[in-house]
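Quick look at target-v5.cif (mmCIF, C-alpha atoms):
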```
data_run
loop_
_atom_site.label_atom_id
_atom_site.label_comp_id
_atom_site.auth_asym_id
_atom_site.auth_seq_id
_atom_site.Cartn_x
_atom_site.Cartn_y
_atom_site.Cartn_z
CA MET Z 1 0.00 0.00 0.00
CA LYS Z 2 2.82 2.38 0.95
CA THR Z 3 4.68 1.61 -2.26
CA LYS Z 4 1.57 2.40 -4.32
CA LEU Z 5 1.12 5.72 -2.47
CA ILE Z 6 4.71 6.71 -3.19
CA TRP Z 7 4.29 5.80 -6.86
CA VAL Z 8 1.08 7.85 -7.12
CA CYS Z 9 2.86 10.84 -5.56
CA ARG Z 10 5.85 10.37 -7.87
CA ILE Z 11 3.67 10.31 -10.97
CA LEU Z 12 1.54 13.30 -9.94
CA VAL Z 13 4.45 15.45 -8.81
CA GLY Z 14 6.69 14.44 -11.70
CA LEU Z 15 4.11 15.11 -14.39
CA LEU Z 16 2.96 18.38 -12.83
CA PHE Z 17 6.52 19.70 -12.53
CA ILE Z 18 7.27 18.69 -16.13
CA PHE Z 19 4.03 20.26 -17.37
CA SER Z 20 4.62 23.49 -15.44
CA GLY Z 21 8.21 23.73 -16.68
CA LEU Z 22 7.28 23.04 -20.31
CA ILE Z 23 4.49 25.63 -20.29
CA LYS Z 24 6.84 28.32 -19.00
CA ILE Z 25 9.86 27.35 -21.09
CA ASN Z 26 7.60 27.62 -24.13
CA ASP Z 27 7.68 31.37 -23.41
CA PRO Z 28 10.78 32.12 -21.30
CA LEU Z 29 10.73 35.81 -22.16
CA GLY Z 30 7.18 36.09 -20.84
CA PHE Z 31 8.21 34.28 -17.63
CA SER Z 32 11.15 36.66 -17.27
CA TYR Z 33 8.71 39.61 -17.36
CA LYS Z 34 6.82 37.96 -14.51
CA LEU Z 35 10.04 37.52 -12.54
CA GLN Z 36 10.79 41.22 -13.02
CA GLU Z 37 7.46 41.99 -11.35
CA TYR Z 38 8.58 39.98 -8.32
CA PHE Z 39 11.99 41.69 -8.39
CA GLU Z 40 10.20 45.05 -8.20
CA VAL Z 41 8.04 43.88 -5.28
CA PHE Z 42 11.09 42.73 -3.31
CA HIS Z 43 13.19 45.75 -4.38
CA ILE Z 44 15.83 43.66 -6.13
CA GLU Z 45 15.55 45.27 -9.55
CA PHE Z 46 19.31 44.85 -10.00
CA LEU Z 47 18.44 41.26 -11.02
CA ASN Z 48 16.37 42.43 -14.00
CA GLY Z 49 19.30 41.86 -16.35
CA LEU Z 50 19.45 38.23 -15.23
CA ALA Z 51 15.68 37.64 -15.41
CA LEU Z 52 15.79 35.68 -18.66
CA PHE Z 53 18.67 33.49 -17.49
CA ILE Z 54 16.92 32.81 -14.17
CA ALA Z 55 13.66 32.06 -16.00
CA ILE Z 56 15.28 29.43 -18.23
CA ILE Z 57 17.15 27.86 -15.29
CA LEU Z 58 14.00 27.65 -13.13
CA CYS Z 59 12.01 26.06 -15.98
CA THR Z 60 14.81 23.62 -16.66
CA LEU Z 61 14.95 22.69 -12.96
CA GLU Z 62 11.22 21.95 -12.94
CA ILE Z 63 11.43 19.73 -16.01
CA VAL Z 64 14.59 17.91 -14.97
CA LEU Z 65 13.51 17.34 -11.35
CA GLY Z 66 10.08 16.11 -12.48
CA PHE Z 67 11.61 13.73 -15.03
CA ALA Z 68 14.30 12.54 -12.60
CA LEU Z 69 11.59 11.75 -10.03
CA LEU Z 70 9.66 9.65 -12.54
CA ILE Z 71 12.67 7.56 -13.48
CA GLY Z 72 13.94 7.47 -9.89
CA VAL Z 73 17.44 8.79 -10.53
CA ARG Z 74 19.35 10.30 -7.55
CA ALA Z 75 16.17 10.25 -5.48
CA VAL Z 76 17.62 11.86 -2.33
CA LYS Z 77 19.01 14.93 -4.12
CA VAL Z 78 15.95 15.19 -6.35
CA SER Z 79 13.64 15.07 -3.30
CA TRP Z 80 15.58 17.90 -1.68
CA GLY Z 81 15.39 19.91 -4.90
CA LEU Z 82 11.64 19.39 -5.22
CA LEU Z 83 11.03 20.35 -1.60
CA LEU Z 84 13.10 23.53 -1.78
CA LEU Z 85 11.54 24.53 -5.11
CA ILE Z 86 7.94 24.06 -3.96
CA ILE Z 87 8.63 25.94 -0.71
CA PHE Z 88 10.08 28.77 -2.77
CA PHE Z 89 7.08 28.85 -5.13
CA GLY Z 90 4.69 28.54 -2.19
CA PHE Z 91 6.26 31.56 -0.51
CA LEU Z 92 5.95 33.64 -3.68
CA THR Z 93 2.31 32.73 -4.27
CA PHE Z 94 1.38 33.32 -0.62
CA TYR Z 95 3.13 36.70 -0.63
CA SER Z 96 1.35 37.65 -3.87
CA ALA Z 97 -2.05 36.59 -2.52
CA TRP Z 98 -1.72 38.07 0.95
CA PHE Z 99 -0.23 41.42 -0.04
CA LYS Z 100 -2.03 41.58 -3.41
CA VAL Z 101 1.07 42.48 -5.38
CA VAL Z 102 1.56 40.19 -8.41
CA GLN Z 103 -1.96 39.21 -9.39
CA THR Z 104 -1.06 36.41 -11.83
CA CYS Z 105 1.75 34.18 -10.63
CA GLY Z 106 2.76 32.75 -14.00
CA CYS Z 107 2.83 29.18 -12.65
CA PHE Z 108 1.42 27.85 -15.91
CA GLY Z 109 2.33 30.83 -18.06
CA ASP Z 110 -0.48 32.34 -20.12
CA ALA Z 111 -1.92 28.91 -20.90
CA ILE Z 112 -3.74 28.52 -17.56
CA PRO Z 113 -4.01 31.84 -15.72
CA LEU Z 114 -4.40 31.37 -11.96
CA THR Z 115 -5.12 33.85 -9.21
CA PRO Z 116 -2.53 34.05 -6.42
CA TRP Z 117 -4.80 32.17 -3.97
CA GLN Z 118 -5.48 29.44 -6.54
CA SER Z 119 -1.74 29.17 -7.13
CA PHE Z 120 -1.02 29.02 -3.40
CA CYS Z 121 -3.61 26.25 -2.88
CA LYS Z 122 -2.08 24.34 -5.80
CA ASP Z 123 1.37 24.72 -4.26
CA MET Z 124 0.17 23.53 -0.85
CA ALA Z 125 -1.43 20.42 -2.37
CA LEU Z 126 1.78 19.81 -4.27
CA LEU Z 127 3.81 20.34 -1.10
CA ALA Z 128 1.82 17.60 0.63
CA LEU Z 129 2.68 15.18 -2.18
CA VAL Z 130 6.33 16.25 -2.18
CA LEU Z 131 6.53 15.68 1.60
CA VAL Z 132 5.41 12.07 1.09
CA ILE Z 133 8.21 11.66 -1.44
CA PHE Z 134 10.73 13.45 0.78
CA VAL Z 135 9.98 11.33 3.84
CA ASN Z 136 10.37 8.17 1.74
CA ARG Z 137 13.20 9.43 -0.47
CA LYS Z 138 15.61 6.64 0.50
CA THR Z 139 13.15 3.95 -0.59
CA ILE Z 140 12.86 5.25 -4.18
CA ASN Z 141 14.74 3.09 -6.65
CA PRO Z 142 15.59 3.97 -10.27
CA VAL Z 143 13.42 2.49 -13.01
CA PHE Z 144 16.53 1.88 -15.15
CA ASP Z 145 20.06 0.96 -14.23
CA LYS Z 146 22.12 3.85 -12.84
CA LYS Z 147 24.12 4.46 -16.03
CA THR Z 148 21.03 4.62 -18.24
CA ALA Z 149 19.15 6.76 -15.70
CA ASP Z 150 22.01 9.26 -15.54
CA LYS Z 151 22.14 9.49 -19.34
CA LEU Z 152 18.38 10.11 -19.49
CA ALA Z 153 18.65 12.81 -16.82
CA ILE Z 154 21.46 14.54 -18.71
CA GLY Z 155 19.39 14.26 -21.88
CA SER Z 156 16.46 15.99 -20.14
CA ILE Z 157 18.77 18.87 -19.18
CA VAL Z 158 19.93 19.28 -22.78
CA VAL Z 159 16.37 19.13 -24.14
CA ALA Z 160 15.01 21.61 -21.57
CA LEU Z 161 17.82 24.13 -22.11
CA GLY Z 162 17.53 23.67 -25.87
CA LEU Z 163 13.81 24.40 -25.76
CA GLY Z 164 14.38 27.50 -23.67
CA PHE Z 165 16.98 29.00 -25.98
CA TYR Z 166 14.98 28.02 -29.10
CA THR Z 167 11.72 29.62 -27.96
CA TYR Z 168 13.58 32.73 -26.80
CA SER Z 169 15.55 33.02 -30.05
CA PHE Z 170 12.48 32.56 -32.23
CA LEU Z 171 8.91 32.55 -30.86
CA PRO Z 172 6.88 30.35 -28.51
CA ILE Z 173 5.99 27.05 -30.15
CA PHE Z 174 2.46 27.37 -28.75
CA ASP Z 175 1.21 30.95 -28.59
CA PHE Z 176 -1.27 31.38 -25.73
CA LEU Z 177 -1.23 35.18 -25.87
CA ALA Z 178 -4.09 37.37 -27.04
CA TYR Z 179 -2.08 38.42 -30.10
CA ASN Z 180 -1.70 34.94 -31.57
CA VAL Z 181 -1.80 34.21 -35.29
CA GLY Z 182 -5.42 34.25 -36.45
CA ALA Z 183 -6.64 36.57 -33.68
CA ASN Z 184 -8.71 39.58 -34.68
CA ILE Z 185 -7.43 42.39 -32.47
CA PRO Z 186 -10.57 44.62 -32.58
CA GLY Z 187 -12.69 41.56 -31.77
CA GLU Z 188 -10.50 40.70 -28.79
CA MET Z 189 -11.01 44.25 -27.48
CA GLU Z 190 -14.81 44.13 -27.53
CA THR Z 191 -17.28 43.09 -24.86
CA PRO Z 192 -20.09 41.06 -26.48
CA PRO Z 193 -23.72 42.14 -25.95
CA GLY Z 194 -25.23 40.69 -22.81
CA ALA Z 195 -21.88 39.84 -21.23
CA GLN Z 196 -21.89 40.17 -17.45
CA PRO Z 197 -19.60 42.90 -16.10
CA ASP Z 198 -17.56 42.60 -12.93
CA GLU Z 199 -19.74 42.64 -9.81
CA PHE Z 200 -18.61 44.78 -6.91
CA GLN Z 201 -19.84 45.18 -3.34
CA VAL Z 202 -19.68 48.74 -2.04
CA THR Z 203 -19.48 49.29 1.72
CA TYR Z 204 -20.56 52.55 3.38
CA HIS Z 205 -19.66 53.91 6.81
CA LEU Z 206 -22.53 55.94 8.24
CA LYS Z 207 -22.91 58.17 11.28
CA ASN Z 208 -26.06 59.59 12.88
CA SER Z 209 -25.61 63.32 13.38
CA LYS Z 210 -28.08 63.37 16.31
CA THR Z 211 -27.13 60.31 18.34
CA GLY Z 212 -23.56 59.78 17.18
CA ALA Z 213 -24.34 56.13 16.40
CA THR Z 214 -22.45 54.49 13.55
CA LYS Z 215 -23.29 51.76 11.05
CA VAL Z 216 -21.48 49.83 8.35
CA MET Z 217 -23.66 48.70 5.46
CA ASP Z 218 -23.13 47.30 1.99
CA ASP Z 219 -24.78 48.98 -0.98
CA LYS Z 220 -27.67 46.49 -1.22
CA GLU Z 221 -28.54 46.78 2.46
CA TYR Z 222 -28.18 50.56 2.25
CA THR Z 223 -30.71 50.74 -0.60
CA ARG Z 224 -33.08 48.11 0.83
CA SER Z 225 -33.26 49.61 4.32
CA GLY Z 226 -34.19 53.08 3.11
CA ILE Z 227 -31.75 54.62 5.59
CA TRP Z 228 -30.69 57.04 2.88
CA LYS Z 229 -34.06 58.78 3.30
CA ASP Z 230 -33.16 59.75 6.87
CA ASN Z 231 -31.17 62.99 6.75
CA ASN Z 232 -29.68 62.24 10.16
CA TRP Z 233 -27.65 59.37 8.71
CA GLN Z 234 -24.69 60.62 6.71
CA VAL Z 235 -22.05 58.69 4.80
CA VAL Z 236 -18.69 59.26 6.49
CA GLY Z 237 -15.41 58.90 4.65
CA PRO Z 238 -14.86 57.16 1.32
CA SER Z 239 -16.82 54.07 0.36
CA GLU Z 240 -15.01 50.75 -0.06
CA SER Z 241 -15.44 48.74 -3.27
CA VAL Z 242 -14.56 45.03 -3.37
CA LEU Z 243 -14.76 42.73 -6.39
CA ILE Z 244 -17.00 39.79 -5.46
CA LYS Z 245 -17.59 38.22 -8.86
CA ARG Z 246 -15.43 38.40 -11.95
CA GLY Z 247 -17.38 39.18 -15.10
CA PHE Z 248 -16.39 39.11 -18.75
CA THR Z 249 -13.05 40.76 -19.49
CA PRO Z 250 -11.85 41.24 -23.07
CA LYS Z 251 -8.52 39.57 -23.81
CA ILE Z 252 -7.08 42.92 -24.92
CA ILE Z 253 -7.87 45.89 -22.69
CA ASP Z 254 -4.78 48.09 -22.81
CA LEU Z 255 -4.03 48.74 -26.48
CA ASN Z 256 -4.01 52.43 -27.41
CA ILE Z 257 -2.06 53.52 -30.47
CA LYS Z 258 -1.25 57.23 -30.65
CA ASP Z 259 0.89 59.57 -32.71
CA ALA Z 260 3.44 62.02 -31.31
CA GLN Z 261 0.69 64.60 -30.71
CA GLY Z 262 -1.45 62.14 -28.73
CA ASN Z 263 -4.06 61.55 -31.45
CA ASP Z 264 -5.65 58.08 -31.29
CA TYR Z 265 -4.98 55.92 -34.36
CA THR Z 266 -6.05 52.57 -32.89
CA LYS Z 267 -9.24 52.20 -34.93
CA GLU Z 268 -7.69 53.45 -38.16
CA LEU Z 269 -4.70 51.12 -38.06
CA LEU Z 270 -6.73 48.09 -37.03
CA SER Z 271 -9.37 48.56 -39.73
CA ASN Z 272 -6.99 48.58 -42.70
CA PRO Z 273 -8.63 46.22 -45.26
CA PHE Z 274 -5.32 45.52 -47.02
CA ASN Z 275 -2.23 43.62 -45.98
CA ASN Z 276 -0.17 45.90 -43.76
CA LEU Z 277 2.95 45.47 -41.66
CA ILE Z 278 3.36 46.33 -38.00
CA ILE Z 279 6.92 46.54 -36.72
CA VAL Z 280 6.97 46.15 -32.93
CA ALA Z 281 9.97 47.48 -31.00
CA TYR Z 282 9.04 48.18 -27.40
CA ASP Z 283 12.54 49.56 -26.71
CA LEU Z 284 14.40 51.05 -29.67
CA GLN Z 285 17.61 51.44 -27.66
CA LYS Z 286 17.76 47.65 -27.20
CA ALA Z 287 16.39 46.68 -30.62
CA ASN Z 288 18.50 44.57 -32.99
CA LEU Z 289 19.80 47.15 -35.49
CA GLU Z 290 20.49 44.63 -38.25
CA ALA Z 291 16.86 43.51 -38.07
CA ILE Z 292 15.68 47.13 -38.08
CA GLY Z 293 17.60 47.64 -41.32
CA SER Z 294 16.09 44.51 -42.89
CA LEU Z 295 12.59 45.57 -41.88
CA ASN Z 296 13.14 49.04 -43.29
CA ALA Z 297 14.23 47.57 -46.65
CA LEU Z 298 11.21 45.26 -46.59
CA ALA Z 299 8.92 48.24 -45.95
CA ILE Z 300 10.42 50.20 -48.85
CA ASN Z 301 10.03 47.32 -51.34
CA LEU Z 302 6.45 46.53 -50.31
CA HIS Z 303 5.45 50.20 -50.44
CA ASP Z 304 6.97 50.69 -53.90
CA ASN Z 305 5.49 47.52 -55.40
CA PHE Z 306 2.24 46.99 -53.49
CA ASN Z 307 1.58 50.34 -51.78
CA THR Z 308 1.72 48.52 -48.45
CA ARG Z 309 1.46 50.58 -45.30
CA THR Z 310 4.10 49.82 -42.67
CA VAL Z 311 4.11 51.38 -39.20
CA LEU Z 312 6.46 51.12 -36.25
CA LEU Z 313 5.03 50.79 -32.75
CA THR Z 314 7.26 51.68 -29.82
CA SER Z 315 7.04 52.76 -26.19
CA ASN Z 316 9.96 55.18 -26.48
CA SER Z 317 9.38 58.90 -26.26
CA ALA Z 318 8.59 60.74 -29.49
CA GLN Z 319 11.88 62.62 -29.25
CA ASP Z 320 13.94 59.43 -28.90
CA ALA Z 321 11.95 57.61 -31.59
CA GLU Z 322 12.36 60.43 -34.11
CA ALA Z 323 16.09 60.63 -33.41
CA PHE Z 324 16.35 56.85 -33.87
CA ALA Z 325 14.36 57.01 -37.12
CA LYS Z 326 16.59 59.75 -38.49
CA LYS Z 327 19.79 57.95 -37.53
CA ASN Z 328 18.63 54.66 -39.12
CA HIS Z 329 16.89 56.26 -42.12
CA LEU Z 330 13.50 54.71 -41.31
CA VAL Z 331 10.70 55.23 -43.81
CA THR Z 332 7.90 53.90 -41.62
CA GLU Z 333 5.33 55.92 -39.74
CA ILE Z 334 5.90 55.85 -35.99
CA PHE Z 335 3.18 55.44 -33.38
CA TYR Z 336 3.35 55.08 -29.63
CA VAL Z 337 1.99 52.32 -27.38
CA ASP Z 338 2.60 51.29 -23.78
CA ALA Z 339 5.37 48.70 -23.41
CA VAL Z 340 3.09 46.04 -21.86
CA PRO Z 341 0.91 45.30 -24.93
CA LEU Z 342 3.95 45.61 -27.20
CA LYS Z 343 5.75 42.90 -25.22
CA GLU Z 344 2.64 40.74 -25.55
CA MET Z 345 2.21 41.29 -29.29
CA VAL Z 346 5.41 39.51 -30.17
CA ARG Z 347 8.21 38.18 -27.97
CA ALA Z 348 10.94 39.96 -29.91
CA ASN Z 349 12.53 43.40 -30.13
CA PRO Z 350 11.92 44.04 -32.95
CA GLY Z 351 9.19 41.72 -34.15
CA LEU Z 352 6.95 41.84 -37.20
CA LEU Z 353 3.18 41.36 -37.59
CA LEU Z 354 1.28 41.02 -40.87
CA LEU Z 355 -2.27 42.33 -40.42
CA LYS Z 356 -5.39 42.52 -42.56
CA ASN Z 357 -8.65 43.99 -41.21
CA GLY Z 358 -7.06 43.84 -37.77
CA THR Z 359 -6.50 40.08 -38.00
CA ILE Z 360 -2.98 38.77 -37.41
CA ILE Z 361 -2.11 36.82 -40.56
CA ASN Z 362 1.36 35.91 -39.32
CA LYS Z 363 4.14 37.18 -37.09
CA TRP Z 364 7.90 36.76 -36.93
CA HIS Z 365 10.82 37.08 -34.55
CA TYR Z 366 13.69 39.17 -35.89
CA HIS Z 367 15.76 35.98 -36.11
CA SER Z 368 13.32 34.51 -38.63
CA LEU Z 369 12.15 37.48 -40.70
CA PRO Z 370 10.66 36.49 -44.08
CA LYS Z 371 12.48 37.36 -47.27
CA TYR Z 372 10.74 39.81 -49.57
CA ASP Z 373 10.14 37.28 -52.36
CA ASP Z 374 8.74 34.68 -49.97
CA LEU Z 375 6.44 37.23 -48.34
CA VAL Z 376 5.13 38.42 -51.67
CA LYS Z 377 4.61 34.91 -53.01
CA GLN Z 378 2.69 33.77 -49.94
CA TYR Z 379 0.61 36.83 -49.07
CA PHE Z 380 0.59 39.43 -51.87
CA GLN Z 381 0.05 37.39 -55.05
CA LYS Z 382 -3.31 35.73 -54.55
#
```
Mind turning this structure into structure tokens?
Amino acid sequence: MKTKLIWVCRILVGLLFIFSGLIKINDPLGFSYKLQEYFEVFHIEFLNGLALFIAIILCTLEIVLGFALLIGVRAVKVSWGLLLLIIFFGFLTFYSAWFKVVQTCGCFGDAIPLTPWQSFCKDMALLALVLVIFVNRKTINPVFDKKTADKLAIGSIVVALGLGFYTYSFLPIFDFLAYNVGANIPGEMETPPGAQPDEFQVTYHLKNSKTGATKVMDDKEYTRSGIWKDNNWQVVGPSESVLIKRGFTPKIIDLNIKDAQGNDYTKELLSNPFNNLIIVAYDLQKANLEAIGSLNALAINLHDNFNTRTVLLTSNSAQDAEAFAKKNHLVTEIFYVDAVPLKEMVRANPGLLLLKNGTIINKWHYHSLPKYDDLVKQYFQK
């Protein structure tokens, strides 16, 4: 019976750690952004430059430890690693939930968004399973002989690291973001008719001017009781609003495209009925200059031969962007967007989106930009 329990715990913990690691290593840059949020909370922003490296290492640890547990290699060390890792994650999720700082933990990336309390409960359940493994760590035997098990473990390290560097150098293999290929951006920004909005409970603090008595009432009780008709009862101080039921939230809520003068071009750019290119460079100072040059040449050729509109979206100031454009001889129009949606549009700096009627036809990392002839053959000669 005990052996079966240990095996059940091994399978559950191993698979969950592998799944969690694979989901995050599919988008290591996105996970690094989440780590930077935690760095800001704990005032250790000096680690921001190492966020990507730490992200890939953490994901690799999850995958390797989960796989090593399944095959039973180096069980004592693996059990210690699992215990320390789940305690670390548990602390982060508890801190996020209790102090309401990082509201999505990133445990399963953007594939399965969890609230901090959901993440903490998941971590506590996982901790219970890990404790069973830890207590019985010396009874776990490898499924294969030691030499084969070690080779498989080393292989898992190579595969995990390879996945991390591949998805960072190109794009996530599975795109769970709102700006995935095939998504219609205006549609993702709309709230459908009849959709339920967020439901809030408002609490009022009241005081009777005659008797000095005080009351605390929520908005429903306040309206139902009719106390508002009594002029002696006055609302004191600000009301408190608490979200009690999450309603429909569009996938895209923070996209505003403006020119240097602050004029809104969001609707115009997203309603273009023709193929058009969007170059995304959230930080021009860190953008790959060789790719910027290639994209500029691509924009010139497509404009001359197909009258294609190409725009550059950046979060830099207008002054910095114009200086950059002049220095690099850019021919594209420049518009300004907050860095957060730009980082979500494409995990690259710069990246390229091909749009038509606001729908993302395709997108590319700067390491895999399409050649002019290939782009024309596939999208402009139909």
- Give as JSON, numbers by chain the residues that the PyMOL selection byres ((chain Z and resi 142-147) around 7) matches when applied to the coordinates above. {"Z": [71, 72, 73, 140, 141, 148, 149, 150, 151]}
- Task: Measure the distance from CA of Glu290 (chain Z) to CA of Gly262 (chain Z) in Å and round it to one decimal.
- Result: 29.6 Å
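Omitting Ile185 (chain Z) and its sequence neighbours fewer than 6 positions away, and counting all atoms listed in the file, the residues within 9 Å are Ala178, Tyr179, Ile252, Leu270, Asn357, Gly358, Thr359 and Ile360 of chain Z.
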Per-residue nearest contacts region 222-257 of chain Z to region 326-347 of chain Z, cut-off 10 Å, using all atoms listed in the file, as a Markdown table:
```
| residue | atom | partner | partner_atom | distance |
| --- | --- | --- | --- | --- |
| Z:Ile252 | CA | Z:Pro341 | CA | 8.3 |
| Z:Ile253 | CA | Z:Pro341 | CA | 9.1 |
| Z:Asp254 | CA | Z:Pro341 | CA | 6.7 |
| Z:Leu255 | CA | Z:Pro341 | CA | 6.2 |
| Z:Asn256 | CA | Z:Val337 | CA | 6.0 |
| Z:Ile257 | CA | Z:Val337 | CA | 5.2 |
```
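The result of the PyMOL selection byres ((chain Z and resi 368-371) around 10) on the shown file is Ser169, Phe170, Leu171, Ala291, Ser294, Leu295, Leu298, Gly351, Leu352, Lys363, Trp364, His365, Tyr366, His367, Tyr372, Asp373, Asp374, Leu375 and Val376 of chain Z.
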- Task: Convert the output of the PyMOL selection byres ((chain Z and resi 50-52) around 7) on the shown file into explicit residues, formatted as an MDAnalysis selection string.
- Result: chainID Z and resid 28:29 32 35:36 47:49 53:56
- Task: Figure out the distance between CA of Glu268 (chain Z) and CA of Gln285 (chain Z), please, to one decimal in Å.
- Result: 27.5 Å
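For the set Z:Asp110, Z:Glu322, Z:Glu45, Z:Asp123, the residue with the smallest atom-to-atom gap to Leu83 (chain Z) is Z:Asp123, counting only C-alpha atoms.
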- Could you work out how far CA of Asn184 (chain Z) lies from CA of Tyr282 (chain Z), giving the answer in Å with one decimal? 21.0 Å
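When all atoms listed in the file are used to measure the gap to Phe165 (chain Z), the shortest distance among Z:Asn296, Z:Asn276, Z:Gln319, Z:Thr60 belongs to Z:Thr60.
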Report as a PDB file with C-alpha atoms, in the coordinates of the input all protein, DNA and RNA residues lying within 7 Å of Asp218 (chain Z), evaluated on all atoms listed in the file, omitting residues in the same chain fewer than 5 positions from it.
```pdb
ATOM      1  CA  GLN Z 201     -19.840  45.180  -3.340  1.00  0.00           C
ATOM      2  CA  VAL Z 202     -19.680  48.740  -2.040  1.00  0.00           C
ATOM      3  CA  THR Z 203     -19.480  49.290   1.720  1.00  0.00           C
ATOM      4  CA  TYR Z 204     -20.560  52.550   3.380  1.00  0.00           C
TER       5      TYR Z 204
END
```
